[in-house]
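The block underneath contains the structure these notes are about, expressed in structure tokens.
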Amino acid sequence: MSEDRELNELMQIRRSKLDELRRLGIDPYGGRFITTHSIREVVDGFDQLEDKSVVIAGRLMAKRTHGKASFGDLLDFSGSIQVYVRSQDLGEDSYDLFLKYDIGDILGVEGTVFRTRRGEKSVAVKKITLLSKSLNPLPEKWHGLKDVELRYRQRYVDLIVNPEVREVFVQRSRIIALIRRFLDDRGFIEVETPMMHHIPGGATARPFVTFHNTLGIQLFLRIAPELYLKRLLVGGMEKVYEINRNFRNEGISTKHNPEFTMLELYQAYADYNDMMEITENLIAFAAEKVRGTRSITYQGKEVDLTPPFRRLPMLEAIAEYAGVDMTTVGSDQEARELAKRLEVEVAPNATRGKVINEVFEELVEPHLVQPTFITNHPVEVSPLAKRNHVDPSVTDRFELFITSREMANAFSELNDPFDQRDRFIKQLEEQKLEEAKQRLADLGKKSDLRLALSDDKAYRIDEDYINALEYGMPPAGGLGIGIDRLVMLLTDSPSIRDVLLFPTMRQREE
């Protein structure tokens, strides 16, 4: 018998049981049910609760029948416990009804806490209430590569049958709470800024496009909250942060999801050095609370999260890990020729600064397993960062790398409205060129997004932000940390999909 046919028969049997329950006058989808304890409270408090009555509720995960007595495993969010069901305790009719219940049904149980002869903590059931009938059988084998896509698509089933998955999301919630505590204790104020923007800004990325019918205007899901948060600095809010979603219409991988969670914070009268101190201490604080140590293992690699983290300028990193001295490269043409010799792909018109960044990403990032702040990024790839006063070709910026992944990005914020306008203009020209290339590459392919962007509405300078800077923004440090990647690190999860409850997936064909 094929698996699909067997599954269909099992589902039909369960639907027949549902009809039988209704004929018996039993509501298969009950209402409010008051419990006295969670299952974890019963297990942990066994010594105080033994021989006492408790009321618990959960999902039936296993059932073992032995004539007039049966054992089952009941699971709630906190844990599982064995239930002991006997005909003489329930009565013949209620016991026969229990035998009809299926694995996956949600039950309310009233009974007495006791320990079996084998020493297992259990509840001797006096009364059972059906709270929700499960019509779909739970999978017997949910682990393994062949089921990984199904696990992400049906996370609700994954959470039922894989306790370790639930634990990842418990830890995710805890990590975010710890971040809030860390920042609140330092005097930061949590704020919320718009999710829909008139002009996409704050990062270089392709936006999602939407339309507001009443206003008759095109809007963009935000790619970053940065420009709105810095408006708050202008308004006198000196320490602000936001933990929320960003949206980027780009690729999907083990490190990228089109919607993801970011922490962004800004502090007036600070700079990128202050942001380094915040970053390393925040991550060390979270690691110690979640993992109990600052020395953790991620996918088999030992990682020491004890501050201070290493500081390394980008050109020095390239010299150390790629064996290339780019300080001797003076022109854009020389840089492009060097990239060709190194077999690093760059754009035909790439500037020296962009080549430096591409060489770094290709040849250095894979080596950065231990926490490392990479500093002195070229100005061409840092449109919102303040120039270094010693070398104006680079910026006072850092990216933090751990386990060869970028974890954080920060800089001394650019608050010169004239410099900011010039950089916006250059960034605008580059974005238009890249979009034109992409449209040519995808010529003939249907793409509503590219049609929407072809009118250049997405490519405008945020004049209101320039106007805000003209009122005067204090010197400031800004920081962004990818929450999903941090959770991956602290829960030893190999893919971003493992730390997102409902990751973006390709639509299944019917």
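Please note that chains go A, B, ... in the order of the structure tokens, that every chain numbers its residues from 1, and that ligands are numbered from 1 in the order shown.
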
List as number ranges by chain the protein and nucleic acid residues near Gly72 of chain A, meaning an atom at most 9 Å away when only C-alpha atoms are counted, but skip any in the same chain fewer than 5 places from it. A: 60-65, 81-85

Would you output that residue set with N, CA and C atoms, as a PDB file, in the first residue's frame?
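Final output, again-v5.pdb:
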ATOM      1  N   LEU A  60      -2.047  14.079  23.306  1.00  0.00           N
ATOM      2  CA  LEU A  60      -1.724  12.666  23.482  1.00  0.00           C
ATOM      3  C   LEU A  60      -0.683  12.270  22.436  1.00  0.00           C
ATOM      4  N   MET A  61       0.512  11.901  22.902  1.00  0.00           N
ATOM      5  CA  MET A  61       1.614  11.619  21.994  1.00  0.00           C
ATOM      6  C   MET A  61       1.901  10.131  21.849  1.00  0.00           C
ATOM      7  N   ALA A  62       1.383   9.316  22.770  1.00  0.00           N
ATOM      8  CA  ALA A  62       1.564   7.868  22.680  1.00  0.00           C
ATOM      9  C   ALA A  62       0.477   7.203  23.511  1.00  0.00           C
ATOM     10  N   LYS A  63       0.143   5.958  23.123  1.00  0.00           N
ATOM     11  CA  LYS A  63      -0.880   5.218  23.856  1.00  0.00           C
ATOM     12  C   LYS A  63      -0.522   3.739  23.825  1.00  0.00           C
ATOM     13  N   ARG A  64      -0.533   3.113  25.026  1.00  0.00           N
ATOM     14  CA  ARG A  64      -0.197   1.697  25.147  1.00  0.00           C
ATOM     15  C   ARG A  64      -1.320   1.020  25.925  1.00  0.00           C
ATOM     16  N   THR A  65      -2.061   0.161  25.234  1.00  0.00           N
ATOM     17  CA  THR A  65      -3.258  -0.441  25.812  1.00  0.00           C
ATOM     18  C   THR A  65      -2.985  -1.866  26.267  1.00  0.00           C
ATOM     19  N   ILE A  81       4.352  13.921  30.426  1.00  0.00           N
ATOM     20  CA  ILE A  81       4.206  13.048  31.586  1.00  0.00           C
ATOM     21  C   ILE A  81       3.370  11.843  31.183  1.00  0.00           C
ATOM     22  N   GLN A  82       3.584  10.743  31.874  1.00  0.00           N
ATOM     23  CA  GLN A  82       2.797   9.541  31.606  1.00  0.00           C
ATOM     24  C   GLN A  82       1.462   9.633  32.341  1.00  0.00           C
ATOM     25  N   VAL A  83       0.385   9.196  31.656  1.00  0.00           N
ATOM     26  CA  VAL A  83      -0.925   9.106  32.300  1.00  0.00           C
ATOM     27  C   VAL A  83      -1.332   7.631  32.331  1.00  0.00           C
ATOM     28  N   TYR A  84      -1.948   7.240  33.448  1.00  0.00           N
ATOM     29  CA  TYR A  84      -2.367   5.852  33.658  1.00  0.00           C
ATOM     30  C   TYR A  84      -3.887   5.833  33.693  1.00  0.00           C
ATOM     31  N   VAL A  85      -4.486   5.107  32.741  1.00  0.00           N
ATOM     32  CA  VAL A  85      -5.934   5.132  32.565  1.00  0.00           C
ATOM     33  C   VAL A  85      -6.480   3.727  32.786  1.00  0.00           C
TER      34      VAL A  85
END

Contact residues around Gly353 of chain A with only C-alpha atoms at 9 Å, ignoring same-chain residues under 5 positions, as a list of chain:residue names: A:Asp332, A:Ala335, A:Glu358, A:His377, A:Pro378, A:Val379, A:Glu380, A:Val381, A:Ser393, A:Val394

For Tyr156 of chain A: contacts at 12 Å, only C-alpha atoms, fewer than 6 positions along chain excluded, given as a PyMOL selection string: chain A and resi 138+150+162-163+165-166+501-502

Expected file: the selected residues, C-alpha atoms, as an mmCIF file, in the first residue's frame:
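Listing of again-v8.cif after writing:
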data_model
loop_
_atom_site.group_PDB
_atom_site.id
_atom_site.type_symbol
_atom_site.label_atom_id
_atom_site.label_comp_id
_atom_site.auth_asym_id
_atom_site.auth_seq_id
_atom_site.Cartn_x
_atom_site.Cartn_y
_atom_site.Cartn_z
ATOM 1 C CA LEU A 138 1.279 12.944 13.322
ATOM 2 C CA LEU A 150 8.124 19.949 5.085
ATOM 3 C CA ASN A 162 10.522 17.879 17.893
ATOM 4 C CA PRO A 163 11.029 19.284 21.417
ATOM 5 C CA VAL A 165 12.836 22.881 17.889
ATOM 6 C CA ARG A 166 10.532 24.368 20.509
ATOM 7 C CA LEU A 501 9.097 30.142 12.902
ATOM 8 C CA PHE A 502 7.763 30.580 9.377
#

As a compact mmCIF listing (two decimals) with N, CA and C atoms, in the first residue's frame, please: all residues of segment 252-464 of chain A that backbone DSSP puts in strand (DSSP E).
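Wrote states-v8.txt, looks like this:
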# COMPACT_ATOMS: atom_id res chain seq x y z
N GLU A 259 12.49 38.51 4.74
CA GLU A 259 12.14 39.32 5.91
C GLU A 259 12.94 38.79 7.09
N PHE A 260 13.52 39.70 7.84
CA PHE A 260 14.40 39.31 8.92
C PHE A 260 14.33 40.36 10.02
N THR A 261 14.81 39.97 11.19
CA THR A 261 14.71 40.85 12.37
C THR A 261 16.05 41.51 12.64
N MET A 262 16.01 42.82 12.85
CA MET A 262 17.22 43.60 13.13
C MET A 262 17.05 44.38 14.42
N LEU A 263 18.15 44.50 15.13
CA LEU A 263 18.27 45.50 16.19
C LEU A 263 19.04 46.67 15.60
N GLU A 264 18.49 47.87 15.67
CA GLU A 264 19.24 49.07 15.32
C GLU A 264 19.15 50.03 16.50
N LEU A 265 20.31 50.60 16.85
CA LEU A 265 20.34 51.57 17.95
C LEU A 265 21.24 52.75 17.58
N TYR A 266 20.93 53.88 18.17
CA TYR A 266 21.69 55.11 17.91
C TYR A 266 21.88 55.85 19.22
N GLN A 267 23.10 56.38 19.38
CA GLN A 267 23.45 57.10 20.61
C GLN A 267 24.12 58.41 20.24
N ALA A 268 23.52 59.50 20.67
CA ALA A 268 24.09 60.82 20.42
C ALA A 268 25.40 61.00 21.18
N SER A 295 32.48 31.01 26.17
CA SER A 295 33.19 30.14 25.23
C SER A 295 32.21 29.07 24.76
N ILE A 296 31.76 29.20 23.53
CA ILE A 296 30.71 28.32 23.02
C ILE A 296 31.23 27.49 21.86
N THR A 297 30.45 26.52 21.47
CA THR A 297 30.74 25.72 20.28
C THR A 297 29.64 25.98 19.26
N TYR A 298 30.04 26.35 18.04
CA TYR A 298 29.06 26.54 16.97
C TYR A 298 29.42 25.62 15.82
N LYS A 301 32.81 24.24 15.95
CA LYS A 301 33.92 25.18 16.08
C LYS A 301 33.87 25.90 17.41
N GLU A 302 35.01 25.95 18.10
CA GLU A 302 35.09 26.67 19.36
C GLU A 302 35.15 28.17 19.09
N VAL A 303 34.30 28.93 19.76
CA VAL A 303 34.24 30.38 19.58
C VAL A 303 34.27 31.05 20.95
N ASP A 304 35.20 31.98 21.13
CA ASP A 304 35.35 32.68 22.41
C ASP A 304 34.73 34.07 22.28
N ARG A 310 38.76 41.20 18.69
CA ARG A 310 39.87 41.70 17.89
C ARG A 310 39.40 42.85 16.98
N ARG A 311 40.24 43.89 16.86
CA ARG A 311 40.01 45.00 15.92
C ARG A 311 41.02 44.87 14.78
N LEU A 312 40.54 44.92 13.51
CA LEU A 312 41.43 44.71 12.37
C LEU A 312 40.98 45.56 11.19
N PRO A 313 41.78 46.55 10.75
CA PRO A 313 41.43 47.34 9.57
C PRO A 313 41.33 46.44 8.33
N THR A 372 35.66 39.27 15.27
CA THR A 372 36.62 40.25 14.73
C THR A 372 35.87 41.47 14.22
N PHE A 373 36.26 42.64 14.71
CA PHE A 373 35.73 43.89 14.17
C PHE A 373 36.61 44.30 12.98
N ILE A 374 36.04 44.33 11.79
CA ILE A 374 36.75 44.83 10.62
C ILE A 374 36.43 46.31 10.48
N THR A 375 37.46 47.17 10.47
CA THR A 375 37.27 48.62 10.46
C THR A 375 37.81 49.23 9.17
N ARG A 397 33.88 53.05 10.50
CA ARG A 397 32.84 52.01 10.43
C ARG A 397 33.46 50.67 10.83
N PHE A 398 32.62 49.78 11.33
CA PHE A 398 33.07 48.40 11.53
C PHE A 398 31.96 47.43 11.14
N GLU A 399 32.38 46.26 10.76
CA GLU A 399 31.49 45.10 10.65
C GLU A 399 32.06 44.04 11.58
N LEU A 400 31.19 43.39 12.34
CA LEU A 400 31.62 42.31 13.22
C LEU A 400 31.37 40.98 12.53
N PHE A 401 32.41 40.16 12.47
CA PHE A 401 32.30 38.81 11.90
C PHE A 401 32.54 37.77 12.99
N ILE A 402 31.65 36.78 13.03
CA ILE A 402 31.80 35.62 13.91
C ILE A 402 31.38 34.40 13.10
N ARG A 405 30.53 34.93 9.45
CA ARG A 405 29.30 35.63 9.08
C ARG A 405 29.30 37.03 9.67
N GLU A 406 28.77 37.96 8.89
CA GLU A 406 28.60 39.31 9.42
C GLU A 406 27.49 39.29 10.46
N MET A 407 27.79 39.77 11.65
CA MET A 407 26.82 39.79 12.75
C MET A 407 26.33 41.20 13.05
N ALA A 408 27.17 42.19 12.78
CA ALA A 408 26.81 43.55 13.14
C ALA A 408 27.49 44.52 12.19
N ASN A 409 26.89 45.68 12.05
CA ASN A 409 27.41 46.75 11.20
C ASN A 409 27.20 48.06 11.95
N ALA A 410 28.22 48.89 12.03
CA ALA A 410 28.09 50.12 12.81
C ALA A 410 29.05 51.17 12.28
N PHE A 411 28.74 52.43 12.61
CA PHE A 411 29.66 53.50 12.23
C PHE A 411 29.39 54.77 13.00
N SER A 412 30.35 55.66 12.89
CA SER A 412 30.13 57.03 13.34
C SER A 412 29.25 57.67 12.28

Run DSSP on the backbone and grab whatever in segment 137-324 of chain A lands in alpha helix (DSSP H); send it over as a ChimeraX atom specification. /A:148-153,155-161,163-185,226-234,272-291,314-322
